[in-house]
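Source file: start-v7.cif; contents: mmCIF, C-alpha atoms and all ligand atoms.
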```cif
data_final
#
loop_
_atom_site.label_atom_id
_atom_site.label_comp_id
_atom_site.auth_asym_id
_atom_site.auth_seq_id
_atom_site.Cartn_x
_atom_site.Cartn_y
_atom_site.Cartn_z
CA MET V 202 0.00 0.00 0.00
CA ASN V 203 1.22 3.47 -0.84
CA THR V 204 1.46 5.53 2.31
CA HIS V 205 3.46 8.49 1.01
CA THR V 206 1.72 11.70 -0.01
CA LEU V 207 3.43 14.58 -1.76
CA LEU V 208 1.90 18.04 -1.39
CA THR V 209 3.17 20.45 -4.04
CA GLY V 210 2.84 24.24 -4.02
CA GLN V 211 4.74 27.20 -2.64
CA THR V 212 6.38 26.04 0.58
CA LEU V 213 7.30 28.19 3.56
CA THR V 214 10.39 27.15 5.50
CA PHE V 215 12.39 28.62 8.35
CA GLN V 216 16.11 28.55 9.02
CA GLY V 217 16.08 30.84 12.05
CA ASP V 218 14.18 33.43 14.08
CA PRO V 219 13.27 36.50 11.99
CA PHE V 220 13.04 38.62 15.13
CA ALA V 221 16.67 37.81 15.97
CA GLU V 222 18.17 37.93 12.46
CA PRO V 223 17.21 39.62 9.18
CA TRP V 224 14.05 37.89 7.94
CA GLU V 225 15.59 37.28 4.50
CA ASP V 226 18.21 35.06 6.13
CA CYS V 227 15.78 32.81 7.90
CA VAL V 228 12.42 32.62 6.11
CA GLN V 229 12.05 31.27 2.58
CA ILE V 230 9.28 30.54 0.11
CA ASN V 231 10.05 27.95 -2.55
CA SER V 232 7.70 28.68 -5.46
CA ALA V 233 8.04 25.08 -6.73
CA GLY V 234 8.25 23.28 -3.42
CA ALA V 235 6.85 20.10 -1.97
CA VAL V 236 6.31 18.36 1.35
CA LEU V 237 6.42 14.58 1.55
CA LEU V 238 4.23 12.96 4.23
CA HIS V 239 4.35 9.46 5.60
CA ASP V 240 1.72 8.48 8.16
CA ALA V 241 1.55 11.29 10.71
CA ARG V 242 4.91 12.88 9.91
CA ILE V 243 6.72 15.02 7.38
CA VAL V 244 9.55 12.98 5.90
CA ALA V 245 11.04 15.44 3.42
CA VAL V 246 10.73 19.05 2.28
CA GLY V 247 12.30 20.30 -0.93
CA ASP V 248 11.85 20.96 -4.62
CA ALA V 249 8.76 19.38 -6.15
CA ALA V 250 10.65 18.03 -9.17
CA SER V 251 13.31 16.22 -7.17
CA LEU V 252 10.88 14.85 -4.58
CA LYS V 253 8.61 13.60 -7.36
CA SER V 254 11.43 11.73 -9.05
CA ALA V 255 12.76 10.34 -5.77
CA HIS V 256 9.27 9.13 -4.74
CA PRO V 257 7.48 8.09 -7.93
CA GLN V 258 4.95 6.01 -5.97
CA ALA V 259 3.75 8.91 -3.81
CA ASP V 260 0.20 10.21 -4.17
CA ILE V 261 0.52 13.75 -5.43
CA ILE V 262 -1.77 16.53 -4.29
CA SER V 263 -1.07 19.69 -6.26
CA TYR V 264 -1.90 22.95 -4.56
CA GLY V 265 -0.73 25.09 -7.49
CA ASP V 266 0.32 28.53 -6.25
CA ASP V 267 -1.15 28.08 -2.78
CA LEU V 268 1.17 28.62 0.15
CA ILE V 269 1.90 25.45 2.11
CA CYS V 270 2.64 26.50 5.70
CA PRO V 271 3.04 24.84 9.05
CA GLY V 272 -0.37 24.64 10.76
CA PHE V 273 -1.06 27.66 12.93
CA VAL V 274 -0.33 27.42 16.64
CA ASP V 275 -2.67 29.48 18.83
CA ALA V 276 -0.75 29.97 22.06
CA HIS V 277 -3.60 31.31 24.24
CA ALA V 278 -7.31 30.62 23.88
CA HIS V 279 -10.36 29.81 25.96
CA TYR V 280 -12.29 27.10 24.13
CA PRO V 281 -15.16 27.44 26.63
CA GLN V 282 -15.73 30.98 25.34
CA THR V 283 -16.50 29.74 21.81
CA ALA V 284 -20.23 30.39 22.08
CA MET V 285 -19.89 33.90 23.55
CA ILE V 286 -17.17 35.26 21.26
CA ALA V 287 -17.76 38.89 20.23
CA SER V 288 -19.87 39.93 23.22
CA TRP V 289 -20.59 43.63 23.27
CA GLY V 290 -19.43 46.50 25.26
CA LYS V 291 -17.47 45.83 28.44
CA ARG V 292 -13.97 46.19 29.71
CA LEU V 293 -12.11 43.23 31.12
CA ILE V 294 -13.53 42.75 34.60
CA ASP V 295 -17.11 43.64 33.59
CA TRP V 296 -16.78 41.48 30.50
CA LEU V 297 -15.68 38.52 32.61
CA ASN V 298 -18.56 38.94 35.06
CA THR V 299 -21.26 39.68 32.50
CA TYR V 300 -20.48 37.24 29.71
CA THR V 301 -17.62 34.91 30.49
CA PHE V 302 -18.45 33.51 33.89
CA PRO V 303 -22.13 32.75 33.08
CA GLU V 304 -21.02 30.90 29.92
CA GLU V 305 -18.27 29.00 31.75
CA ALA V 306 -20.81 27.94 34.40
CA ARG V 307 -22.66 26.01 31.68
CA PHE V 308 -19.66 23.67 31.50
CA ASP V 309 -20.92 22.08 34.68
CA ASP V 310 -22.66 19.82 32.16
CA PRO V 311 -20.09 17.38 30.69
CA ALA V 312 -22.18 16.97 27.54
CA TYR V 313 -22.06 20.73 26.94
CA SER V 314 -18.27 20.68 27.45
CA GLN V 315 -17.96 17.92 24.86
CA SER V 316 -20.15 19.63 22.31
CA ILE V 317 -18.29 22.94 22.59
CA ALA V 318 -14.91 21.17 22.43
CA GLU V 319 -15.93 19.57 19.12
CA ARG V 320 -17.37 22.82 17.80
CA TYR V 321 -14.23 24.72 18.75
CA LEU V 322 -11.95 22.17 17.07
CA ASP V 323 -14.05 22.28 13.88
CA LEU V 324 -13.86 26.08 13.80
CA THR V 325 -10.14 26.24 14.49
CA ALA V 326 -9.37 23.54 11.89
CA ALA V 327 -11.38 25.53 9.33
CA ASN V 328 -9.05 28.43 10.16
CA GLY V 329 -5.85 26.43 9.66
CA THR V 330 -5.08 26.13 13.38
CA THR V 331 -3.68 22.75 14.28
CA THR V 332 -2.47 23.23 17.87
CA MET V 333 -3.70 25.44 20.67
CA ALA V 334 -3.03 26.22 24.30
CA SER V 335 -6.50 26.60 25.72
CA PHE V 336 -7.83 27.29 29.16
CA GLY V 337 -10.60 25.00 30.38
CA THR V 338 -13.20 26.02 32.93
CA ILE V 339 -13.10 25.31 36.64
CA HIS V 340 -14.56 21.86 35.90
CA PRO V 341 -11.98 19.08 35.50
CA HIS V 342 -14.20 17.43 32.87
CA SER V 343 -13.78 20.54 30.68
CA ALA V 344 -10.12 19.54 30.27
CA ASP V 345 -11.08 15.89 29.73
CA ALA V 346 -13.52 16.97 27.00
CA LEU V 347 -10.86 18.80 25.00
CA PHE V 348 -8.19 16.13 25.54
CA GLU V 349 -10.60 13.38 24.45
CA ALA V 350 -11.70 15.32 21.38
CA VAL V 351 -8.13 16.01 20.19
CA GLN V 352 -7.11 12.44 20.87
CA ARG V 353 -9.79 11.27 18.43
CA ARG V 354 -8.40 13.75 15.87
CA GLY V 355 -4.70 12.89 16.39
CA GLN V 356 -4.16 16.50 17.37
CA CYS V 357 -1.72 18.21 19.71
CA VAL V 358 -3.19 20.38 22.46
CA VAL V 359 -2.13 22.13 25.62
CA THR V 360 -4.90 22.61 28.14
CA GLY V 361 -5.73 22.51 31.81
CA LYS V 362 -8.51 22.98 34.28
CA THR V 363 -8.79 26.67 35.20
CA CYS V 364 -8.32 27.36 38.90
CA MET V 365 -10.16 30.14 40.81
CA ASP V 366 -10.88 30.24 44.52
CA ARG V 367 -11.97 33.85 44.94
CA ASN V 368 -13.57 36.78 43.09
CA ALA V 369 -15.65 34.44 40.98
CA PRO V 370 -19.26 33.24 41.29
CA ASP V 371 -19.97 30.45 43.82
CA ASP V 372 -20.45 27.84 41.11
CA LEU V 373 -17.09 28.73 39.52
CA ARG V 374 -14.87 28.46 42.57
CA ASP V 375 -12.66 25.62 43.68
CA THR V 376 -10.28 25.68 46.65
CA ALA V 377 -6.51 25.60 46.94
CA GLN V 378 -6.69 21.91 47.84
CA SER V 379 -9.27 20.82 45.25
CA ALA V 380 -7.45 22.77 42.52
CA TYR V 381 -4.25 20.96 43.45
CA ASP V 382 -5.91 17.53 43.66
CA ASP V 383 -7.95 17.88 40.48
CA SER V 384 -5.06 19.31 38.46
CA LYS V 385 -2.75 16.56 39.73
CA ALA V 386 -5.23 13.87 38.69
CA LEU V 387 -5.55 15.46 35.23
CA ILE V 388 -1.77 15.55 34.85
CA ALA V 389 -1.60 11.83 35.68
CA ARG V 390 -4.42 11.11 33.23
CA TRP V 391 -3.26 13.21 30.28
CA HIS V 392 0.17 14.85 30.38
CA GLY V 393 2.39 13.31 27.70
CA LYS V 394 -0.29 10.82 26.61
CA GLY V 395 -0.09 10.89 22.83
CA ARG V 396 0.06 14.55 21.85
CA ALA V 397 -1.54 15.88 25.05
CA GLN V 398 0.29 18.45 27.16
CA TYR V 399 -1.01 19.63 30.50
CA ALA V 400 -0.83 23.27 31.55
CA ILE V 401 -1.34 24.13 35.20
CA THR V 402 -3.87 26.96 34.87
CA PRO V 403 -4.42 29.57 37.57
CA ARG V 404 -6.70 32.00 35.67
CA PHE V 405 -4.98 35.15 36.98
CA SER V 406 -3.86 36.51 40.32
CA PRO V 407 -7.16 38.28 41.16
CA THR V 408 -9.11 35.00 41.13
CA SER V 409 -6.66 32.97 43.20
CA THR V 410 -5.80 33.37 46.87
CA PRO V 411 -2.11 33.33 47.75
CA GLU V 412 -2.77 29.80 49.10
CA GLN V 413 -4.06 28.65 45.75
CA LEU V 414 -1.17 30.25 43.86
CA SER V 415 1.24 28.46 46.24
CA ALA V 416 -0.53 25.15 45.69
CA MET V 417 -0.22 25.65 41.90
CA GLY V 418 3.46 26.55 42.32
CA ALA V 419 4.05 23.40 44.36
CA LEU V 420 2.28 21.28 41.75
CA TRP V 421 4.41 22.80 39.00
CA ALA V 422 7.59 22.10 40.98
CA GLU V 423 6.47 18.47 41.29
CA ASN V 424 5.66 18.32 37.56
CA PRO V 425 8.29 20.51 35.91
CA THR V 426 7.59 19.25 32.39
CA CYS V 427 4.09 20.70 32.54
CA LEU V 428 3.43 24.14 31.16
CA MET V 429 1.79 26.83 33.28
CA GLN V 430 -0.59 29.32 31.67
CA THR V 431 -2.13 32.48 33.07
CA HIS V 432 -2.78 36.17 32.35
CA LEU V 433 -0.49 39.10 33.08
CA SER V 434 -0.88 42.89 32.89
CA GLU V 435 -3.77 43.08 30.47
CA GLN V 436 -5.57 46.27 31.58
CA PRO V 437 -4.72 49.15 33.94
CA ASP V 438 -7.79 48.51 36.18
CA GLU V 439 -6.81 44.88 36.50
CA ILE V 440 -3.23 45.83 37.45
CA GLU V 441 -4.57 48.22 40.12
CA TRP V 442 -6.76 45.43 41.46
CA VAL V 443 -3.77 43.10 41.68
CA ARG V 444 -1.87 45.82 43.54
CA SER V 445 -4.66 46.08 46.12
CA LEU V 446 -4.98 42.32 46.52
CA PHE V 447 -1.22 41.74 46.85
CA PRO V 448 0.11 44.83 48.66
CA GLN V 449 3.50 43.21 49.35
CA ALA V 450 4.16 42.37 45.69
CA ARG V 451 6.66 44.43 43.72
CA ASP V 452 4.42 44.21 40.66
CA TYR V 453 1.96 41.87 38.93
CA LEU V 454 4.65 39.41 37.80
CA ASP V 455 5.90 39.20 41.37
CA THR V 456 2.52 37.77 42.47
CA TYR V 457 3.38 34.75 40.30
CA GLU V 458 7.07 34.62 41.12
CA THR V 459 6.62 34.61 44.89
CA HIS V 460 4.29 31.62 44.55
CA GLY V 461 6.57 29.54 42.32
CA LEU V 462 4.77 30.46 39.10
CA LEU V 463 7.55 32.08 37.09
CA GLY V 464 9.63 30.06 34.66
CA ALA V 465 10.51 29.30 31.07
CA ARG V 466 7.56 26.92 30.82
CA GLY V 467 5.25 29.72 31.97
CA LEU V 468 2.92 31.23 29.36
CA TYR V 469 1.90 34.78 30.24
CA GLY V 470 -1.01 36.04 28.16
CA HIS V 471 -1.32 39.70 27.10
CA CYS V 472 1.56 41.53 28.93
CA VAL V 473 0.41 44.84 27.46
CA HIS V 474 1.50 47.07 30.35
CA LEU V 475 4.69 45.51 31.71
CA THR V 476 7.05 47.54 33.87
CA PRO V 477 10.78 47.61 33.04
CA ARG V 478 11.43 45.25 35.96
CA GLU V 479 8.87 42.76 34.69
CA ILE V 480 10.42 42.87 31.22
CA ASP V 481 13.89 42.31 32.68
CA ARG V 482 12.69 39.39 34.77
CA LEU V 483 10.80 37.71 31.93
CA ALA V 484 13.89 38.07 29.73
CA GLU V 485 16.07 36.60 32.48
CA VAL V 486 13.95 33.51 33.07
CA GLN V 487 12.79 33.24 29.42
CA GLY V 488 9.12 33.37 30.46
CA ARG V 489 6.88 33.25 27.43
CA VAL V 490 4.93 36.37 26.48
CA ILE V 491 1.82 35.50 24.50
CA HIS V 492 0.57 38.33 22.32
CA CYS V 493 -3.22 38.52 21.94
CA PRO V 494 -3.69 41.50 19.62
CA THR V 495 -7.32 41.05 18.49
CA SER V 496 -8.34 40.69 22.12
CA ASN V 497 -6.24 43.65 23.21
CA ALA V 498 -7.99 45.79 20.61
CA PHE V 499 -11.46 44.33 21.24
CA ILE V 500 -11.49 44.65 25.05
CA GLY V 501 -9.59 47.93 24.85
CA SER V 502 -6.45 46.69 26.60
CA GLY V 503 -3.98 48.56 24.40
CA ALA V 504 -1.32 47.88 21.78
CA LEU V 505 1.60 45.75 22.91
CA ASP V 506 5.04 46.84 21.72
CA LEU V 507 6.00 43.36 20.52
CA PRO V 508 9.24 44.28 18.71
CA GLU V 509 10.53 45.83 21.94
CA LEU V 510 10.02 42.53 23.80
CA ALA V 511 11.53 40.58 20.91
CA GLN V 512 14.56 42.82 21.04
CA ARG V 513 14.96 41.92 24.70
CA GLY V 514 15.13 38.26 23.72
CA ILE V 515 11.82 37.28 25.31
CA PRO V 516 10.32 34.25 23.52
CA LEU V 517 7.00 35.26 21.99
CA GLY V 518 3.85 33.49 20.95
CA LEU V 519 0.78 34.69 19.08
CA ALA V 520 -2.79 33.96 20.08
CA THR V 521 -6.44 34.62 19.38
CA ASP V 522 -7.52 34.66 23.05
CA THR V 523 -10.88 33.28 21.90
CA GLY V 524 -13.41 34.63 22.96
CA GLY V 525 -11.89 37.88 24.34
CA GLY V 526 -10.35 37.93 20.89
CA SER V 527 -12.95 38.57 18.23
CA SER V 528 -11.86 35.89 15.76
CA PHE V 529 -10.84 32.24 15.55
CA SER V 530 -8.53 33.14 12.67
CA MET V 531 -4.77 33.37 13.08
CA LEU V 532 -4.77 35.36 9.81
CA ARG V 533 -6.93 38.01 11.48
CA THR V 534 -4.64 37.77 14.49
CA MET V 535 -1.54 38.40 12.36
CA ALA V 536 -3.27 41.47 10.89
CA ALA V 537 -3.99 42.74 14.40
CA ALA V 538 -0.37 42.08 15.43
CA TYR V 539 0.77 44.14 12.46
CA GLU V 540 -1.56 46.99 13.43
CA ALA V 541 -0.52 46.91 17.10
CA ALA V 542 3.17 47.14 16.15
CA GLN V 543 2.40 50.05 13.82
CA HIS V 544 1.19 51.99 16.91
CA HIS V 545 4.78 51.79 18.10
CA GLY V 546 6.34 52.69 14.75
CA HIS V 547 7.29 49.13 13.69
CA ALA V 548 6.17 47.48 10.46
CA LEU V 549 6.39 43.73 10.99
CA HIS V 550 7.20 41.80 7.84
CA ALA V 551 4.88 39.04 6.59
CA ALA V 552 7.74 36.60 7.20
CA GLN V 553 7.89 37.65 10.87
CA LEU V 554 4.11 37.40 11.26
CA LEU V 555 3.95 33.91 9.76
CA TRP V 556 6.90 32.77 11.85
CA LEU V 557 5.20 34.10 14.98
CA ALA V 558 1.94 32.28 14.21
CA THR V 559 3.75 28.97 13.66
CA ALA V 560 7.35 28.40 14.81
CA GLY V 561 7.31 31.24 17.34
CA SER V 562 4.14 30.03 19.02
CA ALA V 563 5.44 26.44 18.90
CA ARG V 564 8.64 27.56 20.62
CA SER V 565 6.63 29.42 23.23
CA LEU V 566 4.90 26.11 24.05
CA HIS V 567 8.23 24.20 24.01
CA LEU V 568 6.87 22.13 21.13
CA ASP V 569 9.11 23.44 18.35
CA HIS V 570 10.89 20.08 18.06
CA GLU V 571 7.63 18.58 16.73
CA ILE V 572 5.44 21.32 15.26
CA GLY V 573 5.54 24.85 13.88
CA SER V 574 7.75 24.28 10.85
CA LEU V 575 7.86 22.22 7.69
CA ARG V 576 10.80 20.01 8.59
CA ALA V 577 11.51 16.30 8.22
CA GLY V 578 10.53 14.54 11.44
CA ASN V 579 7.89 17.05 12.49
CA PHE V 580 4.23 16.13 12.68
CA ALA V 581 2.43 16.74 9.39
CA ASP V 582 0.31 19.60 10.76
CA ILE V 583 -0.11 21.88 7.78
CA ALA V 584 -2.22 24.82 6.60
CA VAL V 585 -2.57 25.44 2.88
CA ILE V 586 -3.39 29.05 2.07
CA ASP V 587 -5.07 30.36 -1.06
CA LEU V 588 -3.42 33.69 -1.86
CA LYS V 589 -6.41 34.84 -3.96
CA SER V 590 -9.26 33.75 -1.71
CA THR V 591 -11.67 36.64 -2.17
CA ALA V 592 -12.49 39.06 -4.96
CA ALA V 593 -11.08 41.90 -2.88
CA ILE V 594 -7.75 40.14 -2.45
CA ALA V 595 -7.59 38.74 -6.00
CA GLN V 596 -8.11 42.13 -7.64
CA ARG V 597 -4.98 43.60 -6.05
CA GLU V 598 -2.17 44.38 -8.43
CA ASN V 599 1.14 43.03 -7.23
CA ARG V 600 3.37 45.98 -8.07
CA THR V 601 6.56 44.61 -6.54
CA GLY V 602 6.43 41.22 -8.20
CA THR V 603 7.50 39.37 -5.06
CA VAL V 604 5.41 36.64 -3.51
CA TRP V 605 5.66 38.43 -0.16
CA GLU V 606 3.40 41.16 -1.50
CA ASP V 607 0.63 38.59 -2.10
CA VAL V 608 1.28 36.86 1.20
CA PHE V 609 1.07 40.13 3.11
CA ALA V 610 -2.26 41.05 1.50
CA THR V 611 -3.72 37.71 2.53
CA LEU V 612 -2.44 38.13 6.08
CA MET V 613 -4.12 41.54 6.24
CA MET V 614 -7.38 40.70 4.45
CA GLY V 615 -7.77 36.93 4.71
CA ASP V 616 -9.92 34.75 6.91
CA ASP V 617 -11.19 31.15 6.85
CA ARG V 618 -11.99 31.48 3.14
CA ALA V 619 -8.23 31.54 2.53
CA ILE V 620 -7.71 28.14 4.12
CA ARG V 621 -7.64 25.71 1.20
CA ALA V 622 -6.84 22.73 3.42
CA THR V 623 -5.78 21.83 6.93
CA TRP V 624 -3.78 18.69 7.63
CA ILE V 625 -3.45 17.27 11.12
CA ALA V 626 -1.04 14.41 11.79
CA GLY V 627 -0.93 13.55 8.10
CA ALA V 628 -4.71 13.55 7.55
CA CYS V 629 -6.52 16.20 5.56
CA VAL V 630 -9.30 17.39 7.85
CA THR V 631 -10.83 20.30 5.91
N1 LIG D 701 -8.17 37.59 32.43
C1 LIG D 701 -8.67 36.62 33.25
N2 LIG D 701 -9.52 35.80 32.59
C2 LIG D 701 -9.55 36.25 31.32
C3 LIG D 701 -10.25 35.82 30.17
O1 LIG D 701 -11.01 34.84 30.17
N3 LIG D 701 -10.04 36.54 29.03
C4 LIG D 701 -9.20 37.61 29.00
N4 LIG D 701 -9.04 38.27 27.86
N5 LIG D 701 -8.55 38.03 30.08
C5 LIG D 701 -8.73 37.37 31.23
ZN ZN D 702 -7.10 34.65 28.15
#
```

Please express the file's structure as C-alpha cells.
Amino acid sequence: MNTHTLLTGQTLTFQGDPFAEPWEDCVQINSAGAVLLHDARIVAVGDAASLKSAHPQADIISYGDDLICPGFVDAHAHYPQTAMIASWGKRLIDWLNTYTFPEEARFDDPAYSQSIAERYLDLTAANGTTTMASFGTIHPHSADALFEAVQRRGQCVVTGKTCMDRNAPDDLRDTAQSAYDDSKALIARWHGKGRAQYAITPRFSPTSTPEQLSAMGALWAENPTCLMQTHLSEQPDEIEWVRSLFPQARDYLDTYETHGLLGARGLYGHCVHLTPREIDRLAEVQGRVIHCPTSNAFIGSGALDLPELAQRGIPLGLATDTGGGSSFSMLRTMAAAYEAAQHHGHALHAAQLLWLATAGSARSLHLDHEIGSLRAGNFADIAVIDLKSTAAIAQRENRTGTVWEDVFATLMMGDDRAIRATWIAGACVT
C-alpha cells in the first residue's frame, strides 16, 4: 500500500528566528516546493521536481500557487468561550462577570463541554489552526472533553482545568486543595499521553488566593515538564486590582514569582503594560509572552510593543484569546499584530508574522521540536493558504512582483476562506 503523499505548491520554511536575524536570512518561500508525508509525519521538504522523481509512488496533491505553511499554533485561547465570542461593550472585569463567567458555568454539564470542544476544534481547523493552548473552565471534565476530542483527531493540544478560589461566582470556585488535587489527577491522566500536554492553569492573580497560587506553584515544581498558563498585565484597572490584593508584591509578575509560578515553561497572556522590571525578569527567566492582539484591541487593553520585547530576547507566541479575541482566525490575528506594532512605529514583515503564528508560538509552548515548521521529522500539521481567496484580495495588483506582497495582502485581508486545506497528523481534515 502506498502511504506516502506529496503536497506540491509554494512552501514556507524557516532557518532561524526572523526577530533575531534579518528575515531574509531565515524565512524562505520555494515557489516550486513540496512536502512529503508518511503516516503522521513530514519525511522530506524540498523541490517538487526532485521529490517527485525520488518518490514516484507517492500520491501527489497539487496545490498550485497556494502557500503550504506549518499549521497555525494558537498559544492562548479559551475554548469554553466559543459560544460567547464577540460579546458587546465591556472592559475586562465587567466582561468577565457579564459574559464569560455565566457561559463557563454552563460547562458544569459534561455533555455541553464535549459539544463545545468539538465545535471549537471544527472552527479552528477551518481556520488552519492545528495546535492550541486553551484554558478549560473550573470543571476538570472541561479539560477531559478537549483532551478526548483532540485524541480522536490525532491533534496536539495544551490545556488545563482553570483554577479560581476567589472573586468568581460560587459555582465557579474551587479551593486551593481541590485545585491541586484535580489538576494533579488530570496531569496523571493526560500529560504526555499521545500529543496531550497539560498546563497548570491559575486564571490570573485576582481569582486565586495566595494559598491557591502556592498550591499551583508546588504542583508545578512536582511536575516541571508541565506548562503553566495564566494572564499578566492586560488592563490598567486589573493591574490596580492586583496591587490592592497583593500589597506586598513588587508588581503583577511578582505575584506569580513569589508563589513559584515564574519560569521558562510559563505562558503569560497579554503583557500589554509591563514595567521595566517585569520585562527584565521575563527576559532573564525566558518566560513566554503570548501576544493577543485582536483581544487587546477588542477589550480595549492597548497595543503591545511586541518588537521591543523581541529585542529583549523574550520568547514570543501569538494567540487569538478566543473569545476575548474577536476571531478564531490566526490570519486576522496576524493582521492585528501588524496593526498593534504600527502603533509603536514598527512594520512587521509578513515573514515575521507567519513565523510568529507557527514556529514562534510552537517555541513558546516548548513544542518546536515537533510542530511549527515544515521540517523532516515534524508532525504533518499543515495549513494550505489560497493567496487569492476573495475578490477583494484577487483584484490587487502586485506591483513589486515578489510573492511576499501577495502573502502580506492575505495576512491583512484573509480569513477562513483563505484556508484551502488543513492537515493534522498527516490527515486532511478540511
Ligand atoms: N483575564 C482573566 N480571565 C480572562 C479571560 O477569560 N479573558 C481575558 N481576555 N482576560 C482574562
Ligand atoms: Zn485569556

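The nearest approach to V:Ile515 among the residues V:Phe220, V:Gln430, V:Glu305, V:Ala377, with only C-alpha atoms taken into account, belongs to V:Phe220.
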
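Near V:Glu222, within 12 Å and counting only C-alpha atoms, sit Phe215, Gln216, Val228, Ala511, Gln512, Gly514, Ala552 and Gln553 of chain V; same-chain residues fewer than 6 positions away were not included.
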
### Within 8 Å of ligand LIG 701 (chain D), counting only C-alpha atoms and all ligand atoms, residues as a PyMOL selection string
chain V and resi 279+282+293-294+297+301+404-405+431-433+435+471+496-497+500+522-526

Residues as selected, C-alpha atoms, written as a short mmCIF file (atom, residue, chain, number, x, y, z; two decimals), in the coordinates of the input, can you do that?
```
data_model
loop_
_atom_site.label_atom_id
_atom_site.label_comp_id
_atom_site.auth_asym_id
_atom_site.auth_seq_id
_atom_site.Cartn_x
_atom_site.Cartn_y
_atom_site.Cartn_z
CA HIS V 279 -10.36 29.81 25.96
CA GLN V 282 -15.73 30.98 25.34
CA LEU V 293 -12.11 43.23 31.12
CA ILE V 294 -13.53 42.75 34.60
CA LEU V 297 -15.68 38.52 32.61
CA THR V 301 -17.62 34.91 30.49
CA ARG V 404 -6.70 32.00 35.67
CA PHE V 405 -4.98 35.15 36.98
CA THR V 431 -2.13 32.48 33.07
CA HIS V 432 -2.78 36.17 32.35
CA LEU V 433 -0.49 39.10 33.08
CA GLU V 435 -3.77 43.08 30.47
CA HIS V 471 -1.32 39.70 27.10
CA SER V 496 -8.34 40.69 22.12
CA ASN V 497 -6.24 43.65 23.21
CA ILE V 500 -11.49 44.65 25.05
CA ASP V 522 -7.52 34.66 23.05
CA THR V 523 -10.88 33.28 21.90
CA GLY V 524 -13.41 34.63 22.96
CA GLY V 525 -11.89 37.88 24.34
CA GLY V 526 -10.35 37.93 20.89
#
```

### Task
Could you give me, as a PyMOL selection string, the residues within 6 Å of stretch 414-416 of chain V, counting only C-alpha atoms and dropping anything in the same chain fewer than 3 positions from it?
chain V and resi 411+419+460

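Among the candidates V:Val274, V:Cys493, V:Ala619, V:Leu446, the residue lying nearest to ligand ZN 702 (chain D) is V:Cys493 (atoms considered: only C-alpha atoms and all ligand atoms).
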
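When all atoms listed in the file are used to compute distances to ligand ZN 702 (chain D), the closest of the residues V:Arg374, V:His492, V:Arg367, V:Lys253 turns out to be V:His492.
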
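Our summary of the geometry notes that atom CA of V:Gly329 is positioned 27.1 Å from atom CA of V:Ala465.
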
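The nearest approach to V:Arg618 among the residues V:Thr495, V:Met365, V:Val351, V:Ala327, with only C-alpha atoms taken into account, belongs to V:Ala327.
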
Mind listing whatever residues come within 6 Å of the point (1.5, 12.0, -4.0)? Use all atoms listed in the file, file coordinates, and give them as a PDB file with C-alpha atoms, in the frame of the given file.
```
ATOM      1  CA  THR V 206       1.720  11.700  -0.010  1.00  0.00           C
ATOM      2  CA  LEU V 207       3.430  14.580  -1.760  1.00  0.00           C
ATOM      3  CA  ALA V 259       3.750   8.910  -3.810  1.00  0.00           C
ATOM      4  CA  ASP V 260       0.200  10.210  -4.170  1.00  0.00           C
ATOM      5  CA  ILE V 261       0.520  13.750  -5.430  1.00  0.00           C
ATOM      6  CA  ILE V 262      -1.770  16.530  -4.290  1.00  0.00           C
TER       7      ILE V 262
END
```

### Query
What is the atom CA of V:Leu510 to atom CA of V:Gly217 distance in Å?
17.6 Å

Residues of stretch 257-360 of chain V at most 10 Å from stretch 393-396 of chain V: nearest atom pair and distance in Å, all atoms listed in the file, as CSV:
```
residue,atom,partner,partner_atom,distance
V:Thr332,CA,V:Arg396,CA,9.9
V:Phe348,CA,V:Arg396,CA,9.2
V:Val351,CA,V:Arg396,CA,8.5
V:Gln352,CA,V:Gly395,CA,7.5
V:Gly355,CA,V:Arg396,CA,7.4
V:Gln356,CA,V:Arg396,CA,6.5
V:Cys357,CA,V:Arg396,CA,4.6
V:Val358,CA,V:Arg396,CA,6.7
V:Val359,CA,V:Arg396,CA,8.7
```

### Summary
With distances taken over only C-alpha atoms, the candidate from V:Phe580, V:Tyr457, V:Phe336, V:Phe529 nearest V:Ala284 is V:Phe529
